[in-house]
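Chemist: Structure file input.csv, CSV, C-alpha atoms, is pasted below:
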chain,number,residue,atom,x,y,z
M,1,MET,CA,-18.1,-10.2,10.3
M,2,GLU,CA,-17.7,-13.9,9.7
M,3,SER,CA,-14.8,-13.5,7.2
M,4,VAL,CA,-12.7,-11.9,10.0
M,5,SER,CA,-13.3,-14.7,12.5
M,6,GLU,CA,-12.7,-17.4,9.9
M,7,THR,CA,-9.5,-15.8,8.7
M,8,LEU,CA,-8.1,-15.3,12.2
M,9,GLU,CA,-9.0,-18.8,13.3
M,10,THR,CA,-7.8,-20.8,10.3
M,11,MET,CA,-4.7,-18.9,9.3
M,12,PHE,CA,-3.6,-17.0,12.4
M,13,TYR,CA,-4.6,-19.3,15.2
M,14,THR,CA,-6.4,-16.7,17.2
M,15,ALA,CA,-10.0,-15.5,17.6
M,16,VAL,CA,-12.2,-12.5,18.0
M,17,GLU,CA,-13.0,-11.9,21.7
M,18,GLU,CA,-15.2,-8.8,21.6
M,19,VAL,CA,-16.1,-5.7,19.8
M,20,VAL,CA,-14.5,-2.5,21.2
M,21,GLU,CA,-14.8,1.2,20.5
M,22,GLY,CA,-12.6,4.3,20.3
M,23,GLN,CA,-9.2,2.5,19.9
M,24,SER,CA,-6.3,3.2,17.6
M,25,THR,CA,-4.9,0.7,15.0
M,26,PRO,CA,-2.1,2.6,13.4
M,27,ARG,CA,-0.9,-0.2,11.0
M,28,VAL,CA,-3.4,-0.1,8.1
M,29,GLY,CA,-3.7,-2.0,4.8
M,30,ARG,CA,-6.3,-1.0,2.2
M,31,THR,CA,-7.6,-2.6,-0.9
M,32,GLU,CA,-10.2,-2.0,-3.6
M,33,PHE,CA,-12.5,-4.4,-5.4
M,34,ARG,CA,-14.4,-4.4,-8.7
M,35,GLY,CA,-16.9,-6.7,-10.2
M,36,THR,CA,-20.3,-7.9,-8.9
M,37,LEU,CA,-19.7,-5.4,-6.1
M,38,ASN,CA,-17.4,-2.4,-6.2
M,39,GLY,CA,-15.9,-0.8,-3.1
M,40,ARG,CA,-13.0,-0.6,-0.7
M,41,MET,CA,-11.9,-2.4,2.5
M,42,ALA,CA,-9.2,-1.5,5.0
M,43,VAL,CA,-7.9,-3.5,7.9
M,44,GLY,CA,-6.0,-2.0,10.8
M,45,LEU,CA,-3.8,-3.5,13.6
M,46,ASP,CA,-2.2,-2.1,16.7
M,47,ASP,CA,1.4,-3.1,17.4
M,48,GLY,CA,0.5,-6.1,19.6
M,49,ALA,CA,-1.8,-7.6,17.0
M,50,ALA,CA,0.7,-6.9,14.2
M,51,ASP,CA,3.4,-8.7,16.1
M,52,GLY,CA,1.2,-11.6,17.2
M,53,LEU,CA,-0.4,-12.2,13.8
M,54,THR,CA,2.8,-11.9,11.9
M,55,ALA,CA,4.6,-14.3,14.1
M,56,SER,CA,1.8,-16.9,13.9
M,57,PHE,CA,1.4,-16.6,10.2
M,58,LEU,CA,5.1,-17.0,9.4
M,59,GLY,CA,6.0,-19.3,12.2
M,60,LEU,CA,8.6,-17.0,13.6
M,61,ASP,CA,9.5,-15.9,17.1
M,62,LEU,CA,8.5,-12.3,18.1
M,63,GLU,CA,12.2,-11.2,18.4
M,64,ASP,CA,12.9,-12.4,14.8
M,65,LEU,CA,10.2,-10.2,13.1
M,66,SER,CA,11.2,-7.5,10.8
M,67,GLU,CA,9.1,-4.5,9.7
M,68,GLN,CA,9.0,-6.0,6.2
M,69,ASP,CA,7.4,-9.2,7.7
M,70,ARG,CA,4.7,-7.1,9.4
M,71,GLU,CA,3.9,-5.2,6.2
M,72,GLN,CA,3.8,-8.4,4.1
M,73,VAL,CA,1.5,-10.1,6.5
M,74,LEU,CA,-0.8,-7.1,6.9
M,75,SER,CA,-1.1,-6.9,3.1
M,76,GLU,CA,-2.0,-10.6,2.9
M,77,LEU,CA,-4.5,-10.2,5.8
M,78,ALA,CA,-6.3,-7.4,4.0
M,79,ASN,CA,-6.4,-9.5,0.8
M,80,ILE,CA,-7.7,-12.6,2.6
M,81,VAL,CA,-10.4,-10.9,4.7
M,82,CYS,CA,-11.6,-8.9,1.7
M,83,GLY,CA,-11.7,-11.9,-0.7
M,84,SER,CA,-13.4,-14.0,1.9
M,85,TYR,CA,-16.0,-11.4,2.5
M,86,LEU,CA,-16.8,-11.0,-1.2
M,87,SER,CA,-16.9,-14.7,-1.9
M,88,ALA,CA,-19.3,-15.2,1.0
M,89,ALA,CA,-21.5,-12.2,0.1
M,90,HIS,CA,-21.7,-13.3,-3.6
M,91,PRO,CA,-20.7,-16.9,-4.3
M,92,GLU,CA,-21.9,-16.6,-7.8
M,93,GLY,CA,-20.2,-13.3,-8.4
M,94,ARG,CA,-16.9,-12.3,-10.0
M,95,PHE,CA,-14.4,-10.0,-8.4
M,96,ASP,CA,-11.0,-8.5,-9.0
M,97,LEU,CA,-9.1,-7.3,-6.0
M,98,ALA,CA,-6.4,-4.7,-6.2
M,99,ALA,CA,-3.1,-5.5,-4.5
M,100,PRO,CA,-3.4,-4.1,-1.0
M,101,GLU,CA,-1.6,-0.9,-0.1
M,102,VAL,CA,0.1,-0.8,3.3
M,103,GLY,CA,1.6,2.1,5.2
M,104,VAL,CA,-1.6,4.0,4.9
M,105,ARG,CA,-2.1,6.6,7.6
M,106,GLU,CA,-4.9,5.7,10.0
M,107,GLU,CA,-6.1,9.4,10.1
M,108,GLU,CA,-6.4,9.4,6.3
M,109,VAL,CA,-8.5,6.2,6.4
M,110,GLU,CA,-10.7,7.5,9.2
M,111,ARG,CA,-11.6,10.6,7.1
M,112,GLU,CA,-12.9,8.5,4.2
M,113,ALA,CA,-16.5,7.6,3.8
M,114,TRP,CA,-17.2,4.0,5.1
M,115,GLU,CA,-20.5,2.1,5.6
M,116,GLU,CA,-19.0,-0.1,8.3
M,117,ARG,CA,-16.3,0.5,10.9
M,118,ILE,CA,-15.8,-2.2,13.4
M,119,CYS,CA,-12.9,-2.8,15.9
M,120,PHE,CA,-12.4,-6.3,17.4
M,121,GLY,CA,-10.4,-7.2,20.5
M,122,ILE,CA,-8.2,-10.3,19.9
M,123,PRO,CA,-5.8,-11.8,22.4
M,124,GLU,CA,-2.8,-10.1,20.7
M,125,GLY,CA,-4.4,-6.6,20.6
M,126,LEU,CA,-6.8,-4.8,18.3
M,127,PHE,CA,-8.1,-5.6,14.8
M,128,ARG,CA,-10.2,-3.1,12.9
M,129,VAL,CA,-12.1,-3.3,9.6
M,130,TRP,CA,-13.5,-0.5,7.4
M,131,LEU,CA,-15.8,-1.4,4.6
M,132,ALA,CA,-17.4,0.6,1.8
M,133,VAL,CA,-19.5,-1.0,-0.9
M,134,ARG,CA,-21.0,0.9,-3.8
M,135,LYS,CA,-24.1,0.0,-5.7
M,136,GLU,CA,-24.0,-3.3,-7.7
M,137,GLN,CA,-23.4,-3.1,-11.4
M,138,ALA,CA,-26.4,-3.6,-13.7
N,139,MET,CA,15.4,-37.7,-8.4
N,140,THR,CA,14.8,-34.4,-6.6
N,141,LYS,CA,11.2,-33.6,-6.1
N,142,ARG,CA,10.4,-30.0,-6.6
N,143,VAL,CA,7.5,-27.7,-5.8
N,144,LEU,CA,6.9,-24.4,-7.4
N,145,ILE,CA,5.0,-21.8,-5.3
N,146,VAL,CA,3.5,-18.9,-7.2
N,147,ASP,CA,2.0,-15.9,-5.4
N,148,ASP,CA,2.7,-12.2,-5.5
N,149,SER,CA,2.6,-12.2,-1.7
N,150,PRO,CA,5.9,-13.2,-0.1
N,151,ALA,CA,4.1,-13.9,3.1
N,152,ILE,CA,1.9,-16.5,1.5
N,153,ARG,CA,4.9,-18.1,-0.3
N,154,ARG,CA,6.7,-18.4,3.1
N,155,MET,CA,3.7,-19.7,4.9
N,156,VAL,CA,2.9,-22.3,2.2
N,157,LYS,CA,6.5,-23.5,2.1
N,158,ARG,CA,6.5,-23.9,5.9
N,159,VAL,CA,3.3,-25.9,5.9
N,160,ILE,CA,4.6,-28.2,3.1
N,161,GLU,CA,7.8,-28.8,5.0
N,162,MET,CA,5.7,-29.7,8.1
N,163,THR,CA,3.6,-32.3,6.2
N,164,GLY,CA,6.5,-34.6,5.6
N,165,LEU,CA,5.6,-34.8,1.9
N,166,PRO,CA,8.8,-35.8,0.0
N,167,PHE,CA,9.7,-32.4,-1.6
N,168,GLU,CA,13.3,-31.5,-1.5
N,169,GLU,CA,13.5,-28.3,-3.4
N,170,PHE,CA,11.2,-25.2,-3.3
N,171,VAL,CA,11.1,-22.7,-6.1
N,172,GLU,CA,9.2,-19.5,-5.8
N,173,ALA,CA,7.7,-17.1,-8.4
N,174,SER,CA,5.8,-13.9,-7.9
N,175,ASP,CA,3.7,-14.0,-11.1
N,176,GLY,CA,2.8,-16.2,-14.0
N,177,MET,CA,5.8,-15.2,-16.2
N,178,GLU,CA,8.3,-16.1,-13.5
N,179,ALA,CA,6.4,-19.3,-12.9
N,180,LEU,CA,6.5,-20.3,-16.5
N,181,ALA,CA,10.2,-19.7,-16.7
N,182,ALA,CA,10.7,-21.7,-13.6
N,183,TRP,CA,8.6,-24.6,-14.8
N,184,ARG,CA,10.5,-24.7,-18.1
N,185,ALA,CA,13.9,-24.7,-16.3
N,186,MET,CA,13.1,-27.1,-13.4
N,187,ALA,CA,10.0,-29.1,-14.3
N,188,PRO,CA,8.5,-29.3,-10.8
N,189,GLU,CA,6.1,-32.1,-9.9
N,190,LEU,CA,3.8,-29.8,-8.1
N,191,ILE,CA,2.7,-26.2,-8.7
N,192,LEU,CA,0.7,-24.1,-6.2
N,193,THR,CA,-0.6,-20.9,-7.6
N,194,ASP,CA,-2.6,-17.9,-6.8
N,195,ILE,CA,-4.9,-16.4,-9.4
N,196,ASN,CA,-4.9,-12.7,-8.8
N,197,MET,CA,-1.3,-11.5,-9.6
N,198,PRO,CA,0.1,-8.6,-11.6
N,199,GLY,CA,1.3,-9.3,-15.1
N,200,MET,CA,0.4,-12.9,-16.1
N,201,ASN,CA,-2.2,-14.1,-13.7
N,202,GLY,CA,-3.0,-17.6,-12.5
N,203,GLU,CA,-5.6,-18.2,-15.2
N,204,GLU,CA,-3.3,-17.3,-18.0
N,205,LEU,CA,-0.5,-19.3,-16.4
N,206,LEU,CA,-2.7,-22.5,-16.4
N,207,ALA,CA,-3.6,-21.9,-20.0
N,208,GLU,CA,0.1,-21.6,-20.9
N,209,LEU,CA,1.0,-24.7,-18.9
N,210,ARG,CA,-1.7,-26.7,-20.6
N,211,ARG,CA,-0.5,-25.5,-24.1
N,212,GLU,CA,3.0,-26.7,-23.2
N,213,GLU,CA,1.5,-30.1,-21.9
N,214,CYS,CA,2.8,-29.6,-18.4
N,215,GLY,CA,2.6,-32.8,-16.5
N,216,ALA,CA,2.8,-31.2,-13.0
N,217,LYS,CA,-0.2,-31.4,-10.6
N,218,VAL,CA,-1.5,-27.9,-10.0
N,219,LEU,CA,-3.3,-26.7,-6.9
N,220,VAL,CA,-4.9,-23.2,-7.1
N,221,ILE,CA,-4.9,-21.2,-3.8
N,222,SER,CA,-7.0,-18.1,-4.0
N,223,THR,CA,-9.2,-15.7,-2.0
N,224,ASP,CA,-11.6,-15.9,-4.9
N,225,SER,CA,-13.9,-18.9,-4.2
N,226,THR,CA,-16.7,-17.9,-6.5
N,227,ARG,CA,-18.2,-20.8,-8.5
N,228,GLU,CA,-17.3,-19.3,-11.9
N,229,ARG,CA,-13.6,-19.0,-11.1
N,230,LYS,CA,-13.3,-22.5,-9.6
N,231,GLU,CA,-15.0,-24.0,-12.7
N,232,ARG,CA,-12.7,-22.1,-15.0
N,233,MET,CA,-9.5,-23.2,-13.2
N,234,ARG,CA,-10.6,-26.8,-13.3
N,235,GLU,CA,-11.3,-26.5,-17.0
N,236,LEU,CA,-7.8,-25.3,-17.4
N,237,GLY,CA,-6.4,-28.4,-15.7
N,238,ALA,CA,-6.2,-27.5,-12.0
N,239,ALA,CA,-6.2,-30.7,-9.9
N,240,GLY,CA,-7.4,-28.8,-6.9
N,241,TYR,CA,-8.7,-25.5,-5.6
N,242,LEU,CA,-8.1,-24.3,-2.1
N,243,PRO,CA,-9.9,-21.1,-1.1
N,244,LYS,CA,-8.2,-18.7,1.4
N,245,PRO,CA,-8.5,-18.7,4.3
N,246,PHE,CA,-7.3,-22.3,4.8
N,247,SER,CA,-5.8,-24.2,7.7
N,248,PRO,CA,-2.5,-26.0,7.4
N,249,GLU,CA,-4.4,-29.3,7.8
N,250,LYS,CA,-6.7,-28.4,4.9
N,251,LEU,CA,-3.6,-27.7,2.7
N,252,ARG,CA,-2.0,-30.9,3.7
N,253,ASP,CA,-5.2,-32.9,3.0
N,254,GLU,CA,-5.6,-31.3,-0.4
N,255,LEU,CA,-2.0,-32.0,-1.3
N,256,GLU,CA,-2.3,-35.6,-0.2
N,257,ARG,CA,-5.5,-35.9,-2.3
N,258,ILE,CA,-4.0,-34.5,-5.5
N,259,LEU,CA,-0.7,-36.3,-5.1
N,260,GLU,CA,-2.6,-39.5,-4.3
N,261,VAL,CA,-0.6,-40.2,-1.1
N,262,GLU,CA,-1.6,-43.4,0.5
N,263,HIS,CA,-1.8,-43.7,4.3
N,264,VAL,CA,-0.5,-46.8,5.9
In structure tokens, how does this file's structure come out?
Modeler:
Amino acid sequence: MESVSETLETMFYTAVEEVVEGQSTPRVGRTEFRGTLNGRMAVGLDDGAADGLTASFLGLDLEDLSEQDREQVLSELANIVCGSYLSAAHPEGRFDLAAPEVGVREEEVEREAWEERICFGIPEGLFRVWLAVRKEQA
Amino acid sequence: MTKRVLIVDDSPAIRRMVKRVIEMTGLPFEEFVEASDGMEALAAWRAMAPELILTDINMPGMNGEELLAELRREECGAKVLVISTDSTRERKERMRELGAAGYLPKPFSPEKLRDELERILEVEHV
């Protein structure tokens, strides 16, 4: 997914290395969107990715990170990846994104119906995306 | 005179990141004011009259579009840069109609933010 690569490279100074399977990403942020497309997106990070991406984004050292920092950055990450995906998919469309919800249990997200589930390896750890898009409005 | 910048976003992470990038650019801003929605931003603008406003669009309460409409009604002289995940054509055109001097879609690099700020502030390179 190009929106993931672009977001990680431009705002988090890292890159997707490979697609991996069967891994856990327990820190999950989830958002919903309405408009030209309706649906949901969730992003998940393992602890290494959460630490690395939070430190890069906020310009902090790893030892200075708080749990609140990690949650704030995860929320923004979900927002940016989702917005980037929607704008690329429908440049002429119109969308409203809900404020991302963080602290969602990974098991709960896994039980939901998704069209896409993809997990990327990045140098800091694991980054997962879940995507569900409903039919376009008439 | 103190040069002020107002950063408006419901995401504390984005406010911190944008502030850090502006500090790194060397642009002559000495005071940073933050707001998490349009109402807070309007109150901050009335109290402090910043020269530059950076605002998100999608925020709870008063959103960025409503904020720009209010600022225009009050004849705000500040330069406004919109920073948003929404880079659809309709939204960009609407924000420009409301007086935005620039529109920076997320994701953006620090270099892109610096370039956009220099453009709208008409910074001359020696």
Chemist: Taking all atoms listed in the file into account, which of N:Asp224, N:Arg229, N:Ala181, N:Ile160 comes nearest N:Lys244?
Modeler: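 When distances to N:Lys244 are compared using all atoms listed in the file, the smallest one comes from N:Asp224.
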Chemist: May I ask you to extract the residues of chain N within 9 Å of chain M, using all atoms listed in the file, and to give them as number ranges by chain?
Modeler: N: 148-152, 154-155, 158, 196-198, 222-229, 243-248
Chemist: Measure the distance from atom CA of N:Glu172 to atom CA of N:Val146 in Å and round it to one decimal.
Modeler: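 These atoms are spaced 5.9 Å apart.
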Chemist: Contacts of M:Arg30 at 8 Å or less, counting all atoms listed in the file, minus same-chain residues fewer than 5 places along, as a list in words?
Modeler: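 The residues that qualify are Arg40, Met41, Ala42, Val43, Ser75, Ala78, Pro100, Glu101, Val102 and Val104 of chain M.
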Chemist: Store the residues picked out above in a file with C-alpha atoms, as an mmCIF file, keeping the file's coordinate frame.
Modeler:
data_model
loop_
_atom_site.group_PDB
_atom_site.id
_atom_site.type_symbol
_atom_site.label_atom_id
_atom_site.label_comp_id
_atom_site.auth_asym_id
_atom_site.auth_seq_id
_atom_site.Cartn_x
_atom_site.Cartn_y
_atom_site.Cartn_z
ATOM 1 C CA ARG M 40 -13.000 -0.600 -0.700
ATOM 2 C CA MET M 41 -11.900 -2.400 2.500
ATOM 3 C CA ALA M 42 -9.200 -1.500 5.000
ATOM 4 C CA VAL M 43 -7.900 -3.500 7.900
ATOM 5 C CA SER M 75 -1.100 -6.900 3.100
ATOM 6 C CA ALA M 78 -6.300 -7.400 4.000
ATOM 7 C CA PRO M 100 -3.400 -4.100 -1.000
ATOM 8 C CA GLU M 101 -1.600 -0.900 -0.100
ATOM 9 C CA VAL M 102 0.100 -0.800 3.300
ATOM 10 C CA VAL M 104 -1.600 4.000 4.900
#
Chemist: By how many Å are atom CA of M:Ser66 and atom CA of N:Val143 apart?
Modeler: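 Between atom CA of M:Ser66 and atom CA of N:Val143 the gap is 26.4 Å.
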Chemist: So how many Å separate atom CA of M:Ala49 and atom CA of M:Glu17, to one decimal?
Modeler: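 We find that atom CA of M:Ala49 and atom CA of M:Glu17 lie 12.9 Å from each other.
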Chemist: Please provide as a short mmCIF file (atom, residue, chain, number, x, y, z; two decimals) with C-alpha atoms, in the coordinates of the input all residues within 7 Å of N:Leu219, with the sequence filter that same-chain residues fewer than 6 positions apart are discarded (counting only C-alpha atoms).
Modeler:
data_model
loop_
_atom_site.label_atom_id
_atom_site.label_comp_id
_atom_site.auth_asym_id
_atom_site.auth_seq_id
_atom_site.Cartn_x
_atom_site.Cartn_y
_atom_site.Cartn_z
CA ILE N 191 2.70 -26.20 -8.70
CA LEU N 192 0.70 -24.10 -6.20
CA THR N 193 -0.60 -20.90 -7.60
CA ALA N 238 -6.20 -27.50 -12.00
CA ALA N 239 -6.20 -30.70 -9.90
CA GLY N 240 -7.40 -28.80 -6.90
CA TYR N 241 -8.70 -25.50 -5.60
#
Chemist: Could you tell me which of M:Leu60, M:Gly29, M:Cys119, M:Leu53 comes closest to M:Gly103 if we count only C-alpha atoms?
Modeler: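 Of M:Leu60, M:Gly29, M:Cys119, M:Leu53, the one nearest M:Gly103 is M:Gly29, counting only C-alpha atoms.
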Chemist: Measuring between all atoms listed in the file, which one of M:Ala15, M:Val28, M:Met1, M:Val133 shows the shortest distance to M:Glu110?
Modeler: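 Smallest separation from M:Glu110 among the options: M:Val28.
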Chemist: As a VMD selection string, please: the residues near N:Val159 (cut-off 9 Å, all atoms listed in the file, same-chain neighbours under 6 positions excluded).
Modeler: chain N and resid 248 to 249 251 to 252
Chemist: Which protein, DNA or RNA residues are at most 10 Å from (16.5, -27.2, -5.1) in the file's coordinates when you count all atoms listed in the file, listed as a VMD selection string?
Modeler: chain N and resid 140 to 143 167 to 171 186
Chemist: Could you give me, as a PyMOL selection string, the residues within 8 Å of N:Met200, counting only C-alpha atoms and dropping anything in the same chain fewer than 3 positions from it?
Modeler: chain N and resi 175-177+197+204-205
Chemist: With N, CA and C atoms as the goal, would you fill in the gaps in stretch 50-71 of chain M and present it as a compact mmCIF listing (two decimals), in the coordinates of the input?
Modeler:
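Writing done, so here's rebuild-v5.txt:
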# COMPACT_ATOMS: atom_id res chain seq x y z
N ALA M 50 -0.23 -6.73 15.31
CA ALA M 50 0.70 -6.90 14.20
C ALA M 50 1.78 -7.89 14.50
N ASP M 51 2.35 -7.77 15.67
CA ASP M 51 3.40 -8.70 16.10
C ASP M 51 2.89 -10.13 16.19
N GLY M 52 1.78 -10.28 16.91
CA GLY M 52 1.20 -11.60 17.20
C GLY M 52 0.80 -12.32 15.89
N LEU M 53 0.08 -11.60 15.04
CA LEU M 53 -0.40 -12.20 13.80
C LEU M 53 0.70 -12.54 12.85
N THR M 54 1.69 -11.66 12.77
CA THR M 54 2.80 -11.90 11.90
C THR M 54 3.61 -13.13 12.33
N ALA M 55 3.86 -13.20 13.62
CA ALA M 55 4.60 -14.30 14.10
C ALA M 55 3.87 -15.66 13.90
N SER M 56 2.56 -15.65 14.13
CA SER M 56 1.80 -16.90 13.90
C SER M 56 1.78 -17.28 12.46
N PHE M 57 1.57 -16.32 11.59
CA PHE M 57 1.40 -16.60 10.20
C PHE M 57 2.73 -17.16 9.58
N LEU M 58 3.84 -16.56 9.97
CA LEU M 58 5.10 -17.00 9.40
C LEU M 58 5.86 -18.01 10.20
N GLY M 59 5.32 -18.34 11.37
CA GLY M 59 6.00 -19.30 12.20
C GLY M 59 7.30 -18.83 12.77
N LEU M 60 7.36 -17.55 13.12
CA LEU M 60 8.60 -17.00 13.60
C LEU M 60 8.42 -16.57 15.10
N ASP M 61 9.54 -16.42 15.79
CA ASP M 61 9.50 -15.90 17.10
C ASP M 61 9.39 -14.35 17.06
N LEU M 62 8.78 -13.76 18.08
CA LEU M 62 8.50 -12.30 18.10
C LEU M 62 9.84 -11.52 17.85
N GLU M 63 10.94 -11.98 18.48
CA GLU M 63 12.20 -11.20 18.40
C GLU M 63 12.83 -11.31 16.99
N ASP M 64 12.33 -12.22 16.17
CA ASP M 64 12.90 -12.40 14.80
C ASP M 64 12.12 -11.59 13.75
N LEU M 65 11.04 -10.91 14.14
CA LEU M 65 10.20 -10.20 13.10
C LEU M 65 10.86 -8.97 12.63
N SER M 66 10.71 -8.72 11.35
CA SER M 66 11.20 -7.50 10.80
C SER M 66 9.96 -6.62 10.38
N GLU M 67 10.21 -5.35 10.11
CA GLU M 67 9.10 -4.50 9.70
C GLU M 67 8.54 -4.95 8.35
N GLN M 68 9.42 -5.48 7.51
CA GLN M 68 9.00 -6.00 6.20
C GLN M 68 8.01 -7.20 6.43
N ASP M 69 8.34 -8.06 7.40
CA ASP M 69 7.40 -9.20 7.70
C ASP M 69 6.06 -8.67 8.09
N ARG M 70 6.03 -7.65 8.96
CA ARG M 70 4.70 -7.10 9.40
C ARG M 70 3.94 -6.55 8.26
N GLU M 71 4.60 -5.84 7.37
CA GLU M 71 3.90 -5.20 6.20
C GLU M 71 3.40 -6.31 5.26
